[in-house]
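Source file: run_32.json. Holds: JSON, C-alpha atoms and all ligand atoms.
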```
[["chain", "number", "residue", "atom", "x", "y", "z"],
["A", 1, "MET", "CA", -70.60, -27.04, -41.96],
["A", 2, "SER", "CA", -72.29, -26.15, -45.22],
["A", 3, "ASN", "CA", -70.73, -26.63, -48.62],
["A", 4, "ALA", "CA", -72.13, -23.45, -50.10],
["A", 5, "GLU", "CA", -69.44, -20.81, -50.29],
["A", 6, "ASN", "CA", -71.70, -17.97, -51.19],
["A", 7, "PHE", "CA", -75.33, -17.02, -51.50],
["A", 8, "THR", "CA", -75.48, -17.37, -55.28],
["A", 9, "ASP", "CA", -74.56, -21.07, -54.86],
["A", 10, "LEU", "CA", -77.77, -21.43, -52.86],
["A", 11, "GLY", "CA", -79.84, -20.26, -55.82],
["A", 12, "LEU", "CA", -80.20, -16.72, -54.54],
["A", 13, "ASP", "CA", -80.76, -13.94, -57.05],
["A", 14, "PRO", "CA", -77.48, -12.03, -57.65],
["A", 15, "ARG", "CA", -79.31, -8.76, -56.92],
["A", 16, "LEU", "CA", -79.84, -10.01, -53.36],
["A", 17, "SER", "CA", -76.35, -11.41, -52.91],
["A", 18, "ASN", "CA", -75.01, -8.03, -54.09],
["A", 19, "ILE", "CA", -77.03, -6.18, -51.47],
["A", 20, "LEU", "CA", -75.68, -8.57, -48.84],
["A", 21, "ALA", "CA", -72.11, -8.15, -50.07],
["A", 22, "HIS", "CA", -72.47, -4.40, -49.57],
["A", 23, "GLN", "CA", -73.39, -5.15, -45.96],
["A", 24, "GLY", "CA", -70.28, -7.33, -45.62],
["A", 25, "ILE", "CA", -72.34, -10.55, -45.64],
["A", 26, "THR", "CA", -70.84, -13.00, -48.13],
["A", 27, "GLU", "CA", -70.91, -16.43, -46.53],
["A", 28, "PRO", "CA", -74.18, -18.13, -45.54],
["A", 29, "THR", "CA", -74.52, -19.45, -42.03],
["A", 30, "GLU", "CA", -75.48, -23.11, -41.61],
["A", 31, "ILE", "CA", -79.19, -22.45, -41.17],
["A", 32, "GLN", "CA", -79.17, -20.12, -44.19],
["A", 33, "ALA", "CA", -77.35, -22.71, -46.32],
["A", 34, "LEU", "CA", -80.06, -25.26, -45.57],
["A", 35, "ALA", "CA", -83.19, -23.12, -45.28],
["A", 36, "VAL", "CA", -82.71, -20.74, -48.25],
["A", 37, "PRO", "CA", -82.64, -23.40, -51.02],
["A", 38, "THR", "CA", -85.53, -25.29, -49.39],
["A", 39, "ALA", "CA", -87.68, -22.19, -49.01],
["A", 40, "ILE", "CA", -87.04, -20.83, -52.52],
["A", 41, "THR", "CA", -88.29, -24.07, -54.04],
["A", 42, "GLY", "CA", -91.63, -23.37, -52.35],
["A", 43, "HIS", "CA", -91.66, -26.00, -49.61],
["A", 44, "ASP", "CA", -93.13, -25.41, -46.21],
["A", 45, "LEU", "CA", -90.43, -25.48, -43.58],
["A", 46, "ILE", "CA", -89.94, -25.82, -39.85],
["A", 47, "ALA", "CA", -86.44, -24.94, -38.73],
["A", 48, "SER", "CA", -84.49, -24.41, -35.57],
["A", 49, "SER", "CA", -81.04, -23.17, -34.71],
["A", 50, "LYS", "CA", -79.60, -21.22, -31.84],
["A", 51, "THR", "CA", -79.88, -17.50, -31.25],
["A", 52, "GLY", "CA", -77.49, -15.44, -33.33],
["A", 53, "SER", "CA", -77.20, -18.04, -36.12],
["A", 54, "GLY", "CA", -78.83, -15.88, -38.80],
["A", 55, "LYS", "CA", -82.42, -17.10, -38.91],
["A", 56, "THR", "CA", -83.77, -13.72, -40.01],
["A", 57, "LEU", "CA", -82.01, -13.75, -43.38],
["A", 58, "ALA", "CA", -82.86, -17.45, -43.70],
["A", 59, "TYR", "CA", -86.47, -16.37, -44.31],
["A", 60, "LEU", "CA", -86.09, -12.77, -45.54],
["A", 61, "LEU", "CA", -83.97, -13.81, -48.52],
["A", 62, "PRO", "CA", -86.48, -16.39, -49.83],
["A", 63, "THR", "CA", -89.25, -13.83, -49.21],
["A", 64, "MET", "CA", -87.51, -11.18, -51.31],
["A", 65, "GLN", "CA", -86.61, -13.68, -53.99],
["A", 66, "ARG", "CA", -90.24, -14.69, -54.29],
["A", 67, "LEU", "CA", -91.33, -11.05, -54.67],
["A", 68, "MET", "CA", -88.63, -10.36, -57.24],
["A", 69, "ARG", "CA", -88.91, -13.48, -59.36],
["A", 70, "GLN", "CA", -92.41, -14.91, -59.01],
["A", 71, "LYS", "CA", -95.52, -13.33, -60.32],
["A", 72, "ALA", "CA", -98.07, -12.62, -57.60],
["A", 73, "LEU", "CA", -100.62, -15.42, -57.15],
["A", 74, "SER", "CA", -103.40, -12.87, -56.73],
["A", 75, "LYS", "CA", -103.89, -9.14, -57.04],
["A", 76, "LYS", "CA", -104.32, -8.85, -53.29],
["A", 77, "ASP", "CA", -101.53, -7.56, -51.10],
["A", 78, "PRO", "CA", -99.78, -8.26, -48.80],
["A", 79, "ARG", "CA", -97.99, -11.17, -50.45],
["A", 80, "ALA", "CA", -95.97, -11.95, -47.31],
["A", 81, "LEU", "CA", -96.58, -11.63, -43.57],
["A", 82, "ILE", "CA", -93.85, -12.04, -40.98],
["A", 83, "LEU", "CA", -94.92, -12.47, -37.36],
["A", 84, "ALA", "CA", -92.59, -11.95, -34.41],
["A", 85, "PRO", "CA", -93.40, -12.29, -30.69],
["A", 86, "THR", "CA", -92.38, -8.85, -29.43],
["A", 87, "ARG", "CA", -92.19, -5.25, -30.59],
["A", 88, "GLU", "CA", -88.42, -5.28, -30.24],
["A", 89, "LEU", "CA", -87.97, -8.36, -32.41],
["A", 90, "ALA", "CA", -90.44, -7.15, -35.02],
["A", 91, "LYS", "CA", -88.50, -3.87, -35.26],
["A", 92, "GLN", "CA", -85.23, -5.74, -35.77],
["A", 93, "VAL", "CA", -86.75, -7.91, -38.51],
["A", 94, "TYR", "CA", -88.24, -4.82, -40.16],
["A", 95, "ALA", "CA", -84.88, -3.03, -40.15],
["A", 96, "GLN", "CA", -83.25, -5.99, -41.86],
["A", 97, "LEU", "CA", -86.09, -6.21, -44.38],
["A", 98, "ARG", "CA", -85.77, -2.49, -45.13],
["A", 99, "SER", "CA", -82.10, -2.95, -45.88],
["A", 100, "LEU", "CA", -83.03, -5.57, -48.50],
["A", 101, "VAL", "CA", -85.84, -3.62, -50.20],
["A", 102, "SER", "CA", -84.11, -0.25, -50.40],
["A", 103, "GLY", "CA", -83.70, 0.57, -54.08],
["A", 104, "THR", "CA", -86.50, -1.79, -55.15],
["A", 105, "GLN", "CA", -90.16, -1.00, -55.83],
["A", 106, "PHE", "CA", -91.36, -3.15, -52.95],
["A", 107, "LYS", "CA", -93.33, -1.63, -50.10],
["A", 108, "VAL", "CA", -93.08, -2.93, -46.57],
["A", 109, "THR", "CA", -94.95, -1.97, -43.38],
["A", 110, "LEU", "CA", -94.46, -2.55, -39.67],
["A", 111, "VAL", "CA", -97.50, -3.21, -37.46],
["A", 112, "LEU", "CA", -96.81, -3.14, -33.73],
["A", 113, "GLY", "CA", -98.92, -3.14, -30.61],
["A", 114, "GLY", "CA", -98.84, 0.04, -28.53],
["A", 115, "GLU", "CA", -98.65, 2.40, -31.51],
["A", 116, "ASN", "CA", -101.22, 4.50, -33.33],
["A", 117, "PHE", "CA", -103.78, 2.20, -34.94],
["A", 118, "ASN", "CA", -105.06, 4.65, -37.54],
["A", 119, "ASP", "CA", -101.59, 5.46, -38.82],
["A", 120, "GLN", "CA", -101.04, 1.73, -39.30],
["A", 121, "ALA", "CA", -104.40, 1.37, -41.05],
["A", 122, "LYS", "CA", -103.40, 4.16, -43.46],
["A", 123, "ALA", "CA", -100.10, 2.44, -44.20],
["A", 124, "LEU", "CA", -101.90, -0.87, -44.76],
["A", 125, "ALA", "CA", -104.34, 0.83, -47.15],
["A", 126, "LYS", "CA", -101.35, 1.52, -49.43],
["A", 127, "ASP", "CA", -101.11, -2.22, -50.09],
["A", 128, "PRO", "CA", -97.63, -3.08, -48.88],
["A", 129, "HIS", "CA", -96.13, -6.26, -50.34],
["A", 130, "VAL", "CA", -94.74, -7.40, -46.99],
["A", 131, "VAL", "CA", -96.06, -6.78, -43.48],
["A", 132, "VAL", "CA", -93.99, -7.39, -40.35],
["A", 133, "ALA", "CA", -96.16, -7.57, -37.25],
["A", 134, "THR", "CA", -96.76, -8.68, -33.71],
["A", 135, "PRO", "CA", -99.74, -11.10, -33.61],
["A", 136, "GLY", "CA", -102.11, -9.22, -31.30],
["A", 137, "ARG", "CA", -102.14, -5.96, -33.25],
["A", 138, "LEU", "CA", -102.31, -7.84, -36.53],
["A", 139, "VAL", "CA", -105.53, -9.51, -35.40],
["A", 140, "ASN", "CA", -106.91, -6.10, -34.36],
["A", 141, "HIS", "CA", -106.45, -4.99, -37.97],
["A", 142, "LEU", "CA", -108.26, -8.09, -39.24],
["A", 143, "ASP", "CA", -111.12, -7.34, -36.83],
["A", 144, "GLU", "CA", -111.32, -3.72, -38.01],
["A", 145, "ARG", "CA", -111.05, -4.80, -41.65],
["A", 146, "SER", "CA", -108.04, -2.58, -42.20],
["A", 147, "LEU", "CA", -106.17, -5.67, -43.43],
["A", 148, "PHE", "CA", -107.16, -8.71, -45.48],
["A", 149, "LEU", "CA", -104.97, -11.74, -45.93],
["A", 150, "ASP", "CA", -106.81, -13.72, -48.58],
["A", 151, "GLY", "CA", -104.06, -13.15, -51.15],
["A", 152, "LEU", "CA", -101.25, -14.06, -48.77],
["A", 153, "GLU", "CA", -98.60, -16.28, -50.40],
["A", 154, "LEU", "CA", -96.05, -16.51, -47.65],
["A", 155, "LEU", "CA", -96.66, -16.70, -43.89],
["A", 156, "ILE", "CA", -93.62, -16.67, -41.63],
["A", 157, "LEU", "CA", -93.53, -17.26, -37.90],
["A", 158, "ASP", "CA", -90.29, -16.12, -36.30],
["A", 159, "GLU", "CA", -89.55, -17.32, -32.76],
["A", 160, "ALA", "CA", -92.62, -19.53, -32.86],
["A", 161, "ASP", "CA", -91.69, -21.04, -29.48],
["A", 162, "ARG", "CA", -91.74, -17.62, -27.86],
["A", 163, "MET", "CA", -94.96, -16.59, -29.57],
["A", 164, "LEU", "CA", -96.64, -19.68, -28.16],
["A", 165, "ASP", "CA", -95.05, -19.20, -24.71],
["A", 166, "LEU", "CA", -96.51, -15.67, -24.75],
["A", 167, "GLY", "CA", -99.99, -17.09, -25.37],
["A", 168, "PHE", "CA", -100.48, -16.17, -29.04],
["A", 169, "ALA", "CA", -101.87, -19.57, -30.17],
["A", 170, "GLU", "CA", -105.37, -18.18, -30.65],
["A", 171, "GLN", "CA", -104.11, -15.26, -32.76],
["A", 172, "LEU", "CA", -101.97, -17.60, -34.87],
["A", 173, "ASN", "CA", -104.92, -19.90, -35.49],
["A", 174, "ARG", "CA", -107.06, -16.95, -36.53],
["A", 175, "ILE", "CA", -104.38, -15.64, -38.91],
["A", 176, "ASN", "CA", -103.96, -19.14, -40.35],
["A", 177, "LYS", "CA", -107.69, -19.33, -41.07],
["A", 178, "VAL", "CA", -108.01, -16.00, -42.83],
["A", 179, "ALA", "CA", -104.74, -16.37, -44.75],
["A", 180, "SER", "CA", -106.38, -19.11, -46.69],
["A", 181, "HIS", "CA", -104.80, -19.03, -50.15],
["A", 182, "ARG", "CA", -104.54, -22.65, -51.16],
["A", 183, "LEU", "CA", -101.00, -22.18, -52.49],
["A", 184, "ARG", "CA", -99.76, -20.44, -49.35],
["A", 185, "GLN", "CA", -96.24, -21.30, -48.27],
["A", 186, "THR", "CA", -95.53, -21.28, -44.54],
["A", 187, "LEU", "CA", -92.17, -21.07, -42.78],
["A", 188, "MET", "CA", -91.78, -21.58, -39.05],
["A", 189, "PHE", "CA", -88.62, -20.73, -37.12],
["A", 190, "SER", "CA", -87.92, -21.54, -33.50],
["A", 191, "ALA", "CA", -84.95, -21.69, -31.16],
["A", 192, "THR", "CA", -85.94, -25.32, -30.54],
["A", 193, "LEU", "CA", -88.21, -27.93, -32.11],
["A", 194, "GLU", "CA", -88.40, -29.78, -28.78],
["A", 195, "HIS", "CA", -91.52, -27.89, -27.86],
["A", 196, "ALA", "CA", -94.92, -29.59, -27.79],
["A", 197, "GLU", "CA", -96.94, -26.51, -28.74],
["A", 198, "VAL", "CA", -94.57, -25.66, -31.61],
["A", 199, "ASN", "CA", -95.05, -29.15, -33.00],
["A", 200, "SER", "CA", -98.80, -29.07, -32.68],
["A", 201, "MET", "CA", -98.99, -25.59, -34.28],
["A", 202, "ALA", "CA", -96.74, -26.90, -37.08],
["A", 203, "LYS", "CA", -99.27, -29.66, -37.78],
["A", 204, "THR", "CA", -102.00, -27.05, -38.14],
["A", 205, "LEU", "CA", -100.07, -24.53, -40.24],
["A", 206, "LEU", "CA", -97.69, -26.50, -42.42],
["A", 207, "LYS", "CA", -98.22, -28.78, -45.41],
["A", 208, "ALA", "CA", -95.69, -31.62, -45.79],
["A", 209, "PRO", "CA", -92.93, -29.49, -44.25],
["A", 210, "LYS", "CA", -89.21, -30.02, -44.58],
["A", 211, "ARG", "CA", -87.62, -30.13, -41.15],
["A", 212, "ILE", "CA", -84.24, -28.55, -40.39],
["A", 213, "ALA", "CA", -82.81, -28.75, -36.87],
["A", 214, "ILE", "CA", -79.27, -27.48, -36.37],
["A", 215, "GLY", "CA", -77.46, -28.27, -33.18],
["A", 216, "ALA", "CA", -80.25, -30.55, -31.94],
["A", 217, "ALA", "CA", -79.55, -33.80, -30.12],
["A", 218, "ASN", "CA", -80.93, -35.76, -33.05],
["B", 301, "LIG", "P1", -81.11, -15.37, -35.03],
["B", 301, "LIG", "O1", -82.45, -14.92, -35.52],
["B", 301, "LIG", "O2", -80.79, -16.79, -35.44],
["B", 301, "LIG", "O3", -80.93, -15.16, -33.55],
["B", 301, "LIG", "P2", -80.15, -13.10, -36.54],
["B", 301, "LIG", "O4", -80.87, -13.33, -37.79],
["B", 301, "LIG", "O5", -80.71, -12.06, -35.63],
["B", 301, "LIG", "O6", -80.00, -14.48, -35.73],
["B", 301, "LIG", "O7", -78.62, -12.77, -36.90],
["B", 301, "LIG", "C1", -77.66, -12.47, -35.92],
["B", 301, "LIG", "C2", -76.63, -11.52, -36.50],
["B", 301, "LIG", "O8", -75.84, -12.16, -37.48],
["B", 301, "LIG", "C3", -77.22, -10.29, -37.16],
["B", 301, "LIG", "O9", -76.49, -9.16, -36.77],
["B", 301, "LIG", "C4", -77.03, -10.54, -38.65],
["B", 301, "LIG", "O10", -76.90, -9.36, -39.39],
["B", 301, "LIG", "C5", -75.77, -11.35, -38.67],
["B", 301, "LIG", "N1", -75.71, -12.29, -39.82],
["B", 301, "LIG", "C6", -76.72, -13.03, -40.30],
["B", 301, "LIG", "N2", -76.32, -13.80, -41.32],
["B", 301, "LIG", "C7", -75.01, -13.54, -41.50],
["B", 301, "LIG", "C8", -74.02, -14.04, -42.43],
["B", 301, "LIG", "N3", -74.33, -14.95, -43.35],
["B", 301, "LIG", "N4", -72.76, -13.55, -42.32],
["B", 301, "LIG", "C9", -72.46, -12.62, -41.37],
["B", 301, "LIG", "N5", -73.34, -12.11, -40.48],
["B", 301, "LIG", "C10", -74.61, -12.57, -40.53],
["B", 302, "MG", "MG", -84.18, -14.28, -34.65]]
```
Written form, structure tokens:
Amino acid sequence: MSNAENFTDLGLDPRLSNILAHQGITEPTEIQALAVPTAITGHDLIASSKTGSGKTLAYLLPTMQRLMRQKALSKKDPRALILAPTRELAKQVYAQLRSLVSGTQFKVTLVLGGENFNDQAKALAKDPHVVVATPGRLVNHLDERSLFLDGLELLILDEADRMLDLGFAEQLNRINKVASHRLRQTLMFSATLEHAEVNSMAKTLLKAPKRIAIGAAN
């Protein structure tokens, strides 16, 4: 159990905790109570907890807080990229992100495989602050130069275990290389950390990460 009774105790901006309160979300889950304070201090992070435990907000809240409170490191958008393994998951993440940005000046875009490429390129040309994407289509946009990631401050891998099981290692390595800002923060979430490929990808992507494993054997 966490000791934090509310999101403001975790260091979250009251504007964000107010938005959550309007959605009936007032008490952080265990993964949120541990991951949010770690992520908002700028550390890299690898974290696991079971499905349904609230991992999405565990990274969306620190992402929004960074946009709201920290000056951009460069003039190049996007500042944050969130990768998810499937269209369905990316859509769910995007919906939750939209609920947090509504009423702010921040622009967000969804980039999915199987949908019109040129429409996505047009949306990307408007310099969104946050992009939510599936890895294959994201790499297509890098190839076509409709997206650049050299100003990226925050890279998030959701369901990293599933992304690797689906064979996206090559795409993740490519994204890691082009998203080369030296001050980049990287957050990796997985249902389990007992996964060889997740651990080897973590070594490539993360710098001195904090490790949070909830409900693991050790
Ligand atoms: P996971 O990614 O760990 O499987 P999700 O982020 O999809 O979990 O969250 C599962 C559900 O729990 C979602 O419907 C979400 O809105 C809800 N939820 C997340 N955090 C909280 C919270 N602190 N209090 C109440 N409900 C929450
Ligand atoms: Mg999830």
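Between A:Phe168 and the candidates A:Leu206, A:Leu12, A:Val139, A:Leu89, the tightest atom-to-atom separation, counting only C-alpha atoms, involves A:Val139.
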Mind giving me the straight-line distance from atom CA of A:Leu193 to atom CA of A:Gly215 in Å, one decimal?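 So the two atoms, atom CA of A:Leu193 and atom CA of A:Gly215, lie 10.8 Å apart.
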List all protein, DNA and RNA residues that have at least one atom no more than 7 Å from any atom of ligand MG 302 (chain B), counting all atoms listed in the file, and write them as an MDAnalysis selection string. chainID A and resid 51:52 54:56 158:159
Nearest to ligand LIG 301 (chain B): which of A:Met64, A:Leu45, A:Val93, A:Leu112 is it, counting only C-alpha atoms and all ligand atoms?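 Closest residue, counting only C-alpha atoms and all ligand atoms: A:Val93.
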List the neighbours of A:Arg66 out to 10 Å using only C-alpha atoms; skip same-chain residues closer than 6 positions along the sequence, and give me the result as a PyMOL selection string. chain A and resi 13+39-42+60+72+79-80+153-154
Can you tell me which residues come within 10 Å of ligand LIG 301 (chain B) when counting all atoms listed in the file, ideally as a PyMOL selection string? chain A and resi 6-7+20-21+23-33+48-60+89+92-93+96+158-159+189-191
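One distance worth recording is that between atom CA of A:Val198 and atom CA of A:Ala160, which is 6.6 Å.
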Extract, using only C-alpha atoms, all DNA, RNA and protein residues at most 10 Å from A:Gly151, discarding same-chain residues fewer than 2 positions from it, and format them as a CSV table (one decimal) with C-alpha atoms, keeping the file's coordinate frame.
```csv
chain,number,residue,atom,x,y,z
A,72,ALA,CA,-98.1,-12.6,-57.6
A,73,LEU,CA,-100.6,-15.4,-57.2
A,74,SER,CA,-103.4,-12.9,-56.7
A,75,LYS,CA,-103.9,-9.1,-57.0
A,76,LYS,CA,-104.3,-8.8,-53.3
A,77,ASP,CA,-101.5,-7.6,-51.1
A,78,PRO,CA,-99.8,-8.3,-48.8
A,79,ARG,CA,-98.0,-11.2,-50.4
A,80,ALA,CA,-96.0,-12.0,-47.3
A,148,PHE,CA,-107.2,-8.7,-45.5
A,149,LEU,CA,-105.0,-11.7,-45.9
A,153,GLU,CA,-98.6,-16.3,-50.4
A,154,LEU,CA,-96.0,-16.5,-47.6
A,178,VAL,CA,-108.0,-16.0,-42.8
A,179,ALA,CA,-104.7,-16.4,-44.8
A,180,SER,CA,-106.4,-19.1,-46.7
A,181,HIS,CA,-104.8,-19.0,-50.2
A,182,ARG,CA,-104.5,-22.6,-51.2
A,183,LEU,CA,-101.0,-22.2,-52.5
A,184,ARG,CA,-99.8,-20.4,-49.4
```
Go through A:Met188, A:Ala216, A:Met201, A:Ala208 and flag the residue nearest A:Leu83, using all atoms listed in the file for the distances. A:Met188
Can you list, as a PyMOL selection string, every protein, DNA or RNA residue that comes within 12 Å of A:Gly113 when you count all atoms listed in the file, leaving out same-chain residues fewer than 6 positions away? chain A and resi 84-88+90-91+120+132-141
I'd like a table as a tab-separated table: residues in stretch 19-44 of chain A with an atom no more than 9 Å from stretch 210-213 of chain A, each row giving the shortest atom pair and its distance in Å to one decimal, all atoms listed in the file counted, sorted by chain and rising residue number.
```
residue	atom	partner	partner_atom	distance
A:Ile31	CA	A:Ile212	CA	8.0
A:Leu34	CA	A:Ile212	CA	7.4
A:Ala35	CA	A:Ile212	CA	7.4
A:Thr38	CA	A:Lys210	CA	7.7
A:His43	CA	A:Lys210	CA	6.9
A:Asp44	CA	A:Lys210	CA	6.3
```
As a short mmCIF file (atom, residue, chain, number, x, y, z; two decimals), in the coordinates of the input, the rebuilt stretch 88-117 of chain A with N, CA and C atoms:
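To be explicit, this is the file written out as selection_20.cif:
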```cif
data_model
loop_
_atom_site.label_atom_id
_atom_site.label_comp_id
_atom_site.auth_asym_id
_atom_site.auth_seq_id
_atom_site.Cartn_x
_atom_site.Cartn_y
_atom_site.Cartn_z
N GLU A 88 -89.86 -5.42 -30.01
CA GLU A 88 -88.42 -5.28 -30.24
C GLU A 88 -87.95 -6.17 -31.39
N LEU A 89 -88.38 -7.43 -31.36
CA LEU A 89 -87.97 -8.36 -32.41
C LEU A 89 -88.56 -7.96 -33.76
N ALA A 90 -89.82 -7.55 -33.75
CA ALA A 90 -90.44 -7.15 -35.02
C ALA A 90 -89.69 -5.96 -35.62
N LYS A 91 -89.26 -5.03 -34.76
CA LYS A 91 -88.50 -3.87 -35.26
C LYS A 91 -87.17 -4.30 -35.87
N GLN A 92 -86.52 -5.27 -35.23
CA GLN A 92 -85.23 -5.74 -35.77
C GLN A 92 -85.43 -6.41 -37.13
N VAL A 93 -86.47 -7.23 -37.24
CA VAL A 93 -86.75 -7.91 -38.51
C VAL A 93 -87.05 -6.86 -39.59
N TYR A 94 -87.85 -5.86 -39.21
CA TYR A 94 -88.24 -4.82 -40.16
C TYR A 94 -87.01 -4.06 -40.66
N ALA A 95 -86.10 -3.75 -39.75
CA ALA A 95 -84.88 -3.03 -40.15
C ALA A 95 -84.09 -3.85 -41.17
N GLN A 96 -83.99 -5.14 -40.92
CA GLN A 96 -83.25 -5.99 -41.86
C GLN A 96 -83.98 -6.10 -43.20
N LEU A 97 -85.30 -6.18 -43.14
CA LEU A 97 -86.09 -6.21 -44.38
C LEU A 97 -85.91 -4.91 -45.16
N ARG A 98 -85.96 -3.79 -44.47
CA ARG A 98 -85.77 -2.49 -45.13
C ARG A 98 -84.44 -2.42 -45.86
N SER A 99 -83.42 -2.99 -45.25
CA SER A 99 -82.10 -2.95 -45.88
C SER A 99 -82.09 -3.78 -47.16
N LEU A 100 -82.98 -4.77 -47.27
CA LEU A 100 -83.03 -5.57 -48.50
C LEU A 100 -83.91 -4.95 -49.58
N VAL A 101 -84.93 -4.18 -49.18
CA VAL A 101 -85.84 -3.62 -50.20
C VAL A 101 -85.42 -2.24 -50.68
N SER A 102 -84.46 -1.61 -49.99
CA SER A 102 -84.11 -0.25 -50.40
C SER A 102 -83.57 -0.30 -51.82
N GLY A 103 -84.10 0.59 -52.67
CA GLY A 103 -83.70 0.57 -54.08
C GLY A 103 -84.57 -0.33 -54.95
N THR A 104 -85.54 -1.02 -54.36
CA THR A 104 -86.50 -1.79 -55.15
C THR A 104 -87.86 -1.09 -55.09
N GLN A 105 -88.83 -1.63 -55.84
CA GLN A 105 -90.16 -1.00 -55.83
C GLN A 105 -91.04 -1.56 -54.72
N PHE A 106 -90.51 -2.47 -53.92
CA PHE A 106 -91.36 -3.15 -52.95
C PHE A 106 -91.64 -2.30 -51.71
N LYS A 107 -92.90 -2.39 -51.28
CA LYS A 107 -93.33 -1.63 -50.10
C LYS A 107 -93.47 -2.57 -48.92
N VAL A 108 -93.00 -2.11 -47.78
CA VAL A 108 -93.08 -2.93 -46.57
C VAL A 108 -93.62 -2.07 -45.42
N THR A 109 -94.33 -2.70 -44.50
CA THR A 109 -94.95 -1.97 -43.38
C THR A 109 -94.77 -2.74 -42.08
N LEU A 110 -94.63 -1.98 -41.01
CA LEU A 110 -94.46 -2.55 -39.67
C LEU A 110 -95.73 -2.27 -38.86
N VAL A 111 -96.27 -3.31 -38.23
CA VAL A 111 -97.50 -3.21 -37.46
C VAL A 111 -97.25 -3.73 -36.04
N LEU A 112 -97.17 -2.79 -35.10
CA LEU A 112 -96.81 -3.14 -33.73
C LEU A 112 -97.90 -2.76 -32.75
N GLY A 113 -98.04 -3.54 -31.69
CA GLY A 113 -98.92 -3.14 -30.61
C GLY A 113 -98.38 -1.88 -29.94
N GLY A 114 -99.28 -1.12 -29.30
CA GLY A 114 -98.84 0.04 -28.53
C GLY A 114 -98.59 1.29 -29.36
N GLU A 115 -98.86 1.21 -30.67
CA GLU A 115 -98.65 2.40 -31.51
C GLU A 115 -99.96 2.80 -32.17
N ASN A 116 -99.98 3.95 -32.80
CA ASN A 116 -101.22 4.50 -33.33
C ASN A 116 -101.86 3.58 -34.38
N PHE A 117 -103.07 3.15 -34.08
CA PHE A 117 -103.78 2.20 -34.94
C PHE A 117 -104.12 2.80 -36.30
#
```
